[in-house]
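Student: Can you keep this structure in mind? I'll have questions shortly.
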Amino acid sequence: MRVLYFASLRENLGLADESINEPVLNVSELLDLLAERGQQWDEQLRQNTRLQIAVNQSLAKRNTSLSASDEVAFFPPVTGG
Amino acid sequence: MRVLYFASLRENLGLADESINEPVLNVSELLDLLAERGQQWDEQLRQNTRLQIAVNQSLAKRNTSLSASDEVAFFPPVTGG
Amino acid sequence: MIPIHISVQTEDFDVNAQMQQLRQGNSGIGAIAAFVGLVRDLNEGCKVSNMTLEHYAGMTEKSLADIAEQAKMRWSLQGISIIHRVGELQPTEQIVLVLTASAHRHAAFDAAQFIMDYLKSQAPFWKKEVTPDGARWVDARESDEKALTRWQA
Amino acid sequence: MIPIHISVQTEDFDVNAQMQQLRQGNSGIGAIAAFVGLVRDLNEGCKVSNMTLEHYAGMTEKSLADIAEQAKMRWSLQGISIIHRVGELQPTEQIVLVLTASAHRHAAFDAAQFIMDYLKSQAPFWKKEVTPDGARWVDARESDEKALTRWQA
């Protein structure tokens with residue numbers, strides 16, 4: 001699946017997008033997987049209580065299920081308008 | 001004092017403005033005076049529960065006091081905007 | 001002192017130009033709410049071919065200035081414009097413009113709505129429509145009277 | 001079917017032209033509410049020299065279209081336009097435009113406010129400001145989250 005990072009997350013993780021091939025059942029499992037990369041990833045994503053999630057460009061939650069063709073995005077609270 | 005009539009009142013009474021020289025203490029007394037002119041005046045003004053009143057270009061009530069130099073206006077509910 | 005612009009006029013108005021005038025030299029404005037009222041070609045089920053707006057000259061300007069002043073007291077605003085046309089108007093023509101400028105959107109939105117609600121029930125304008133059945137004075141809507149209650153709580 | 005116009009763009013927009021487009025050929029519109037968001041030169045006590053608006057291309061359009069669709073379901077509207085700019089913007093520049101057209105004013109006002117409230121807390125745009133202390137991501141305001149509750153009662 002494709003994973004995207006925006007705004008401060010993109011900057012702090014030093015990554016805008018990547019492909020994840022490991023099978024994960026839902027967003028929570030994807031976050032567990034990414035958190036294994038180190039403290040920065042754990043703090044910015046898994047432990048981040050204000051983390052916003054979109055799956056296939058719709059707002060989603062940690063228990064939203066995922067499949068291999070999904071597009072998942074992580075970002076901070078939005079500030080447009 | 002100067003008395004003005006607007007919109008449907010102006011049309012139904014056939015008068016846009018006039019001078020009243022009789023002394024009246026408040027709007028109610030002015031309405032009593034005008035109602036003596038006949039049924040049309042009584043109905044359009046004194047008996048009109050939706051009658052709007054302005055004294056010196058500010059919204060007023062039947063108990064608002066009047067003096068000789070005042071400008072009094074009678075009109076139906078407003079419909080601008 | 002914030003700019004307050006009030007005008008009762010027969011001429012049409014230009015929304016862009018009015019917005020520009022309101023913003024002129026003020027880079028602290030983050031939000032402008034606007035309302036434009038238009039002549040509809042249908043009212044209460046009747047075709048309207050044109051309309052005449054009568055007003056109480058002098059009191060209209062006073063009344064609009066007073067409403068703007070109340071809005072200024074209630075919200076943190078950086079500018080207010082109210083333009084209301086009078087005379088003969090055709091369907092689709094602009095009748096009224098309200099602009100409110102503020103740092104943030106809620107003040108701008110609330111103030112614009114407050115001004116329209118008070119204008120609708122207190123400013124001395126009257127509409128007379130021409131329909132296929134002849135000319136008629138537009139009836140005041142009870143809902144306009146009720147709209148004020150939300151500001152009086 | 002009412003016209004719904006959504007655009008995410010780097011170019012500026014013209015309020016008059018957008019209003020004209022929304023009204024085109026519809027003489028049943030009696031009310032247009034508009035909101036324009038502008039870049040302020042001051043935010044949370046800091047001078048802002050310019051700002052960059054990042055967005056999630058694709059999801060922004062989808063999110064705005066979805067918000068417009070919800071507004072259409074809740075109110076009797078005759079047209080909706082939402083334009084949001086992205087890229088680099090200077091103080092006093094226009095950021096966002098929301099237009100809502102209806103027969104009567106309350107639907108237009110409420111829908112415009114609803115759209116702005118949802119846009120502010122759900123559409124994936126992020127502001128980064130340049131201040132004398134360097135660049136910083138703008139913090140989301142808690143009040144924007146709270147603003148949604150009035151529509152969820």
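Chain identifiers are assigned as A, B, and so on, following the order in which chains appear in the structure tokens; residues are numbered from 1 within each chain, and ligands are numbered from 1 in order of appearance.
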Taking 4 positions as the minimum chain separation for residues in the same chain, which residues sit within 6 Å of Met1 in chain A when counting only C-alpha atoms? Answer as number ranges by chain.
Tutor: A: 19-20, 68-70
Student: Pull N, CA and C atoms from the residues just selected and write them as a PDB file, in the first residue's frame.
Tutor:
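Wrote part_19.pdb, looks like this:
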ATOM      1  N   SER A  19       6.104   3.058  -0.182  1.00  0.00           N
ATOM      2  CA  SER A  19       5.273   1.873  -0.363  1.00  0.00           C
ATOM      3  C   SER A  19       5.546   0.892   0.768  1.00  0.00           C
ATOM      4  N   ILE A  20       4.495   0.339   1.324  1.00  0.00           N
ATOM      5  CA  ILE A  20       4.639  -0.660   2.388  1.00  0.00           C
ATOM      6  C   ILE A  20       4.079  -1.973   1.834  1.00  0.00           C
ATOM      7  N   ALA A  68      -4.095  -4.142   0.479  1.00  0.00           N
ATOM      8  CA  ALA A  68      -2.838  -3.829  -0.214  1.00  0.00           C
ATOM      9  C   ALA A  68      -2.946  -2.652  -1.188  1.00  0.00           C
ATOM     10  N   SER A  69      -4.145  -2.428  -1.750  1.00  0.00           N
ATOM     11  CA  SER A  69      -4.276  -1.372  -2.763  1.00  0.00           C
ATOM     12  C   SER A  69      -4.631  -0.007  -2.161  1.00  0.00           C
ATOM     13  N   ASP A  70      -4.728   0.070  -0.835  1.00  0.00           N
ATOM     14  CA  ASP A  70      -5.169   1.318  -0.205  1.00  0.00           C
ATOM     15  C   ASP A  70      -4.098   2.410  -0.209  1.00  0.00           C
TER      16      ASP A  70
END
Student: Once chain A has been least-squares superposed onto chain B, matching all their Cα atoms in order, can you return it as a PDB file with C-alpha atoms, in the first residue's frame?
Tutor:
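The resulting file, superposed.pdb, is shown below:
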ATOM      1  CA  MET A   1     -45.708  68.706  14.284  1.00  0.00           C
ATOM      2  CA  ARG A   2     -44.986  66.982  10.980  1.00  0.00           C
ATOM      3  CA  VAL A   3     -46.724  63.659  10.328  1.00  0.00           C
ATOM      4  CA  LEU A   4     -45.577  61.262   7.571  1.00  0.00           C
ATOM      5  CA  TYR A   5     -47.282  58.209   6.052  1.00  0.00           C
ATOM      6  CA  PHE A   6     -45.456  55.523   4.102  1.00  0.00           C
ATOM      7  CA  ALA A   7     -46.131  52.618   1.735  1.00  0.00           C
ATOM      8  CA  SER A   8     -49.634  51.093   1.964  1.00  0.00           C
ATOM      9  CA  LEU A   9     -50.679  53.637   4.622  1.00  0.00           C
ATOM     10  CA  ARG A  10     -49.708  56.519   2.340  1.00  0.00           C
ATOM     11  CA  GLU A  11     -51.716  54.940  -0.476  1.00  0.00           C
ATOM     12  CA  ASN A  12     -54.775  54.024   1.601  1.00  0.00           C
ATOM     13  CA  LEU A  13     -54.975  57.402   3.308  1.00  0.00           C
ATOM     14  CA  GLY A  14     -54.106  59.288   0.123  1.00  0.00           C
ATOM     15  CA  LEU A  15     -51.575  61.421   1.969  1.00  0.00           C
ATOM     16  CA  ALA A  16     -47.780  61.418   2.271  1.00  0.00           C
ATOM     17  CA  ASP A  17     -47.319  64.105   4.907  1.00  0.00           C
ATOM     18  CA  GLU A  18     -49.108  66.899   6.738  1.00  0.00           C
ATOM     19  CA  SER A  19     -48.738  69.346   9.609  1.00  0.00           C
ATOM     20  CA  ILE A  20     -50.748  68.889  12.794  1.00  0.00           C
ATOM     21  CA  ASN A  21     -51.068  71.920  15.017  1.00  0.00           C
ATOM     22  CA  GLU A  22     -53.415  70.600  17.704  1.00  0.00           C
ATOM     23  CA  PRO A  23     -51.501  69.868  20.905  1.00  0.00           C
ATOM     24  CA  VAL A  24     -51.141  66.144  21.677  1.00  0.00           C
ATOM     25  CA  LEU A  25     -49.136  64.686  24.558  1.00  0.00           C
ATOM     26  CA  ASN A  26     -48.170  61.382  22.994  1.00  0.00           C
ATOM     27  CA  VAL A  27     -48.585  59.137  19.949  1.00  0.00           C
ATOM     28  CA  SER A  28     -51.815  57.659  21.336  1.00  0.00           C
ATOM     29  CA  GLU A  29     -53.438  61.081  21.507  1.00  0.00           C
ATOM     30  CA  LEU A  30     -52.294  61.850  17.975  1.00  0.00           C
ATOM     31  CA  LEU A  31     -53.881  58.588  16.800  1.00  0.00           C
ATOM     32  CA  ASP A  32     -57.142  59.472  18.591  1.00  0.00           C
ATOM     33  CA  LEU A  33     -57.136  62.816  16.836  1.00  0.00           C
ATOM     34  CA  LEU A  34     -56.506  61.313  13.382  1.00  0.00           C
ATOM     35  CA  ALA A  35     -59.115  58.563  13.940  1.00  0.00           C
ATOM     36  CA  GLU A  36     -61.800  61.232  14.199  1.00  0.00           C
ATOM     37  CA  ARG A  37     -61.395  61.809  10.459  1.00  0.00           C
ATOM     38  CA  GLY A  38     -63.413  58.687   9.690  1.00  0.00           C
ATOM     39  CA  GLN A  39     -63.428  54.898   9.540  1.00  0.00           C
ATOM     40  CA  GLN A  40     -60.527  54.555   7.089  1.00  0.00           C
ATOM     41  CA  TRP A  41     -58.250  56.603   9.354  1.00  0.00           C
ATOM     42  CA  ASP A  42     -59.403  54.741  12.446  1.00  0.00           C
ATOM     43  CA  GLU A  43     -58.783  51.329  10.850  1.00  0.00           C
ATOM     44  CA  GLN A  44     -55.497  52.146   9.132  1.00  0.00           C
ATOM     45  CA  LEU A  45     -54.011  53.848  12.185  1.00  0.00           C
ATOM     46  CA  ARG A  46     -55.625  53.589  15.618  1.00  0.00           C
ATOM     47  CA  GLN A  47     -57.028  50.075  15.244  1.00  0.00           C
ATOM     48  CA  ASN A  48     -54.050  48.788  13.263  1.00  0.00           C
ATOM     49  CA  THR A  49     -52.257  46.324  15.574  1.00  0.00           C
ATOM     50  CA  ARG A  50     -49.295  46.064  13.159  1.00  0.00           C
ATOM     51  CA  LEU A  51     -48.870  49.830  12.918  1.00  0.00           C
ATOM     52  CA  GLN A  52     -45.215  50.918  13.079  1.00  0.00           C
ATOM     53  CA  ILE A  53     -44.364  54.294  14.569  1.00  0.00           C
ATOM     54  CA  ALA A  54     -41.250  56.466  14.397  1.00  0.00           C
ATOM     55  CA  VAL A  55     -40.690  59.701  16.290  1.00  0.00           C
ATOM     56  CA  ASN A  56     -37.821  61.835  15.017  1.00  0.00           C
ATOM     57  CA  GLN A  57     -36.714  58.899  12.868  1.00  0.00           C
ATOM     58  CA  SER A  58     -36.379  56.400  15.718  1.00  0.00           C
ATOM     59  CA  LEU A  59     -38.807  53.549  16.301  1.00  0.00           C
ATOM     60  CA  ALA A  60     -41.372  54.554  18.932  1.00  0.00           C
ATOM     61  CA  LYS A  61     -44.472  53.280  20.738  1.00  0.00           C
ATOM     62  CA  ARG A  62     -47.980  54.563  21.360  1.00  0.00           C
ATOM     63  CA  ASN A  63     -46.953  55.937  24.744  1.00  0.00           C
ATOM     64  CA  THR A  64     -43.982  57.885  23.340  1.00  0.00           C
ATOM     65  CA  SER A  65     -44.460  61.578  24.228  1.00  0.00           C
ATOM     66  CA  LEU A  66     -44.638  64.234  21.545  1.00  0.00           C
ATOM     67  CA  SER A  67     -43.886  67.928  21.296  1.00  0.00           C
ATOM     68  CA  ALA A  68     -44.708  70.483  18.598  1.00  0.00           C
ATOM     69  CA  SER A  69     -41.337  70.217  16.816  1.00  0.00           C
ATOM     70  CA  ASP A  70     -41.411  66.415  16.473  1.00  0.00           C
ATOM     71  CA  GLU A  71     -41.518  64.437  13.242  1.00  0.00           C
ATOM     72  CA  VAL A  72     -43.891  61.483  13.558  1.00  0.00           C
ATOM     73  CA  ALA A  73     -44.120  58.722  10.954  1.00  0.00           C
ATOM     74  CA  PHE A  74     -46.648  55.901  10.551  1.00  0.00           C
ATOM     75  CA  PHE A  75     -45.968  52.886   8.377  1.00  0.00           C
ATOM     76  CA  PRO A  76     -46.644  49.164   7.920  1.00  0.00           C
ATOM     77  CA  PRO A  77     -44.064  46.521   8.966  1.00  0.00           C
ATOM     78  CA  VAL A  78     -40.912  47.052   6.918  1.00  0.00           C
ATOM     79  CA  THR A  79     -39.964  44.719   4.051  1.00  0.00           C
ATOM     80  CA  GLY A  80     -36.533  45.792   2.851  1.00  0.00           C
ATOM     81  CA  GLY A  81     -33.393  43.710   2.498  1.00  0.00           C
TER      82      GLY A  81
END
Student: For a test of reading the model, state the distance in Å between CA of Val98 in chain D and CA of Asp144 in chain D, rounded to one decimal.
Tutor: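 We find that CA of Val98 in chain D and CA of Asp144 in chain D lie 16.8 Å from each other.
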Student: Determine the nearest neighbour of Gln9 in chain C from the options C:Arg40, C:Lys47, C:Arg74, C:His55, counting only C-alpha atoms.
Tutor: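 Counting only C-alpha atoms, the residue closest to Gln9 in chain C is C:His55.
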Student: Just want the 12 Å neighbourhood of Gln20 in chain D, counted on only C-alpha atoms, with same-chain residues fewer than 2 positions away dropped. Output as an MDAnalysis selection string.
Tutor: (chainID C and resid 14:16 36 92:94) or (chainID D and resid 14:18 22:27 29 32 79 81 99 101)
Student: Print the selection's residues with N, CA, C and O atoms to a file, as a tab-separated table (two decimals), in the first residue's frame.
Tutor:
chain	number	residue	atom	x	y	z
C	14	ASP	N	-20.89	47.57	-6.62
C	14	ASP	CA	-19.89	46.61	-7.10
C	14	ASP	C	-19.26	45.94	-5.87
C	14	ASP	O	-18.58	46.58	-5.08
C	15	VAL	N	-19.53	44.64	-5.72
C	15	VAL	CA	-19.08	43.92	-4.52
C	15	VAL	C	-17.56	43.97	-4.37
C	15	VAL	O	-17.03	44.28	-3.30
C	16	ASN	N	-16.84	43.70	-5.47
C	16	ASN	CA	-15.36	43.76	-5.41
C	16	ASN	C	-14.87	45.12	-4.93
C	16	ASN	O	-13.99	45.20	-4.07
C	36	VAL	N	-25.46	39.41	-0.17
C	36	VAL	CA	-26.08	40.17	-1.26
C	36	VAL	C	-27.51	39.69	-1.40
C	36	VAL	O	-27.77	38.49	-1.54
C	92	THR	N	-33.41	39.75	-10.63
C	92	THR	CA	-31.95	39.49	-10.66
C	92	THR	C	-31.10	40.71	-10.27
C	92	THR	O	-29.90	40.57	-10.10
C	93	GLU	N	-31.73	41.89	-10.12
C	93	GLU	CA	-30.91	43.03	-9.69
C	93	GLU	C	-30.55	42.92	-8.21
C	93	GLU	O	-31.26	42.31	-7.42
C	94	GLN	N	-29.42	43.53	-7.85
C	94	GLN	CA	-28.95	43.55	-6.46
C	94	GLN	C	-29.76	44.57	-5.66
C	94	GLN	O	-29.97	45.69	-6.12
D	14	ASP	N	-11.67	35.97	-8.37
D	14	ASP	CA	-12.39	37.23	-8.49
D	14	ASP	C	-13.81	37.02	-7.94
D	14	ASP	O	-14.60	36.28	-8.51
D	15	VAL	N	-14.13	37.68	-6.82
D	15	VAL	CA	-15.41	37.45	-6.15
D	15	VAL	C	-16.58	37.79	-7.06
D	15	VAL	O	-17.53	37.01	-7.18
D	16	ASN	N	-16.52	38.94	-7.72
D	16	ASN	CA	-17.61	39.33	-8.65
D	16	ASN	C	-17.85	38.26	-9.71
D	16	ASN	O	-18.99	37.87	-9.97
D	17	ALA	N	-16.76	37.81	-10.34
D	17	ALA	CA	-16.88	36.84	-11.42
D	17	ALA	C	-17.47	35.53	-10.91
D	17	ALA	O	-18.31	34.92	-11.56
D	18	GLN	N	-17.05	35.11	-9.72
D	18	GLN	CA	-17.57	33.86	-9.14
D	18	GLN	C	-19.05	33.99	-8.81
D	18	GLN	O	-19.82	33.06	-8.99
D	22	LEU	N	-22.21	31.89	-10.44
D	22	LEU	CA	-23.17	31.16	-9.60
D	22	LEU	C	-24.61	31.54	-9.93
D	22	LEU	O	-25.51	30.70	-9.89
D	23	ARG	N	-24.83	32.82	-10.26
D	23	ARG	CA	-26.19	33.33	-10.50
D	23	ARG	C	-26.68	33.11	-11.91
D	23	ARG	O	-27.89	33.15	-12.16
D	24	GLN	N	-25.73	32.94	-12.81
D	24	GLN	CA	-25.99	32.81	-14.25
D	24	GLN	C	-27.30	32.10	-14.57
D	24	GLN	O	-27.45	30.90	-14.31
D	25	GLY	N	-28.25	32.84	-15.16
D	25	GLY	CA	-29.48	32.22	-15.65
D	25	GLY	C	-30.46	31.77	-14.57
D	25	GLY	O	-31.42	31.09	-14.86
D	26	ASN	N	-30.21	32.11	-13.31
D	26	ASN	CA	-31.13	31.71	-12.25
D	26	ASN	C	-31.73	32.95	-11.57
D	26	ASN	O	-31.09	33.58	-10.74
D	27	SER	N	-32.98	33.26	-11.90
D	27	SER	CA	-33.59	34.46	-11.34
D	27	SER	C	-34.42	34.14	-10.10
D	27	SER	O	-35.19	34.96	-9.62
D	29	ILE	N	-32.82	33.16	-7.30
D	29	ILE	CA	-31.91	33.38	-6.15
D	29	ILE	C	-32.23	34.71	-5.49
D	29	ILE	O	-32.23	35.75	-6.15
D	32	ILE	N	-27.34	35.65	-1.53
D	32	ILE	CA	-26.02	35.03	-1.66
D	32	ILE	C	-25.21	35.40	-0.43
D	32	ILE	O	-25.06	36.58	-0.11
D	79	GLY	N	-26.98	26.95	-5.33
D	79	GLY	CA	-25.62	26.96	-5.88
D	79	GLY	C	-24.60	27.08	-4.77
D	79	GLY	O	-24.87	27.69	-3.73
D	81	SER	N	-20.17	27.56	-4.33
D	81	SER	CA	-18.80	27.63	-4.86
D	81	SER	C	-17.82	27.60	-3.70
D	81	SER	O	-18.02	28.30	-2.71
D	99	LEU	N	-19.18	30.63	-1.48
D	99	LEU	CA	-20.41	31.32	-1.89
D	99	LEU	C	-21.56	30.33	-1.79
D	99	LEU	O	-21.42	29.18	-2.24
D	101	ALA	N	-25.85	30.21	-2.54
D	101	ALA	CA	-27.00	30.93	-3.09
D	101	ALA	C	-28.27	30.21	-2.69
D	101	ALA	O	-28.33	28.98	-2.68
Student: Would you compute the distance between CA of His106 in chain D and CA of Gln113 in chain C? Give it in Å to one decimal.
Tutor: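 CA of Gln113 in chain C lies 8.3 Å from CA of His106 in chain D.
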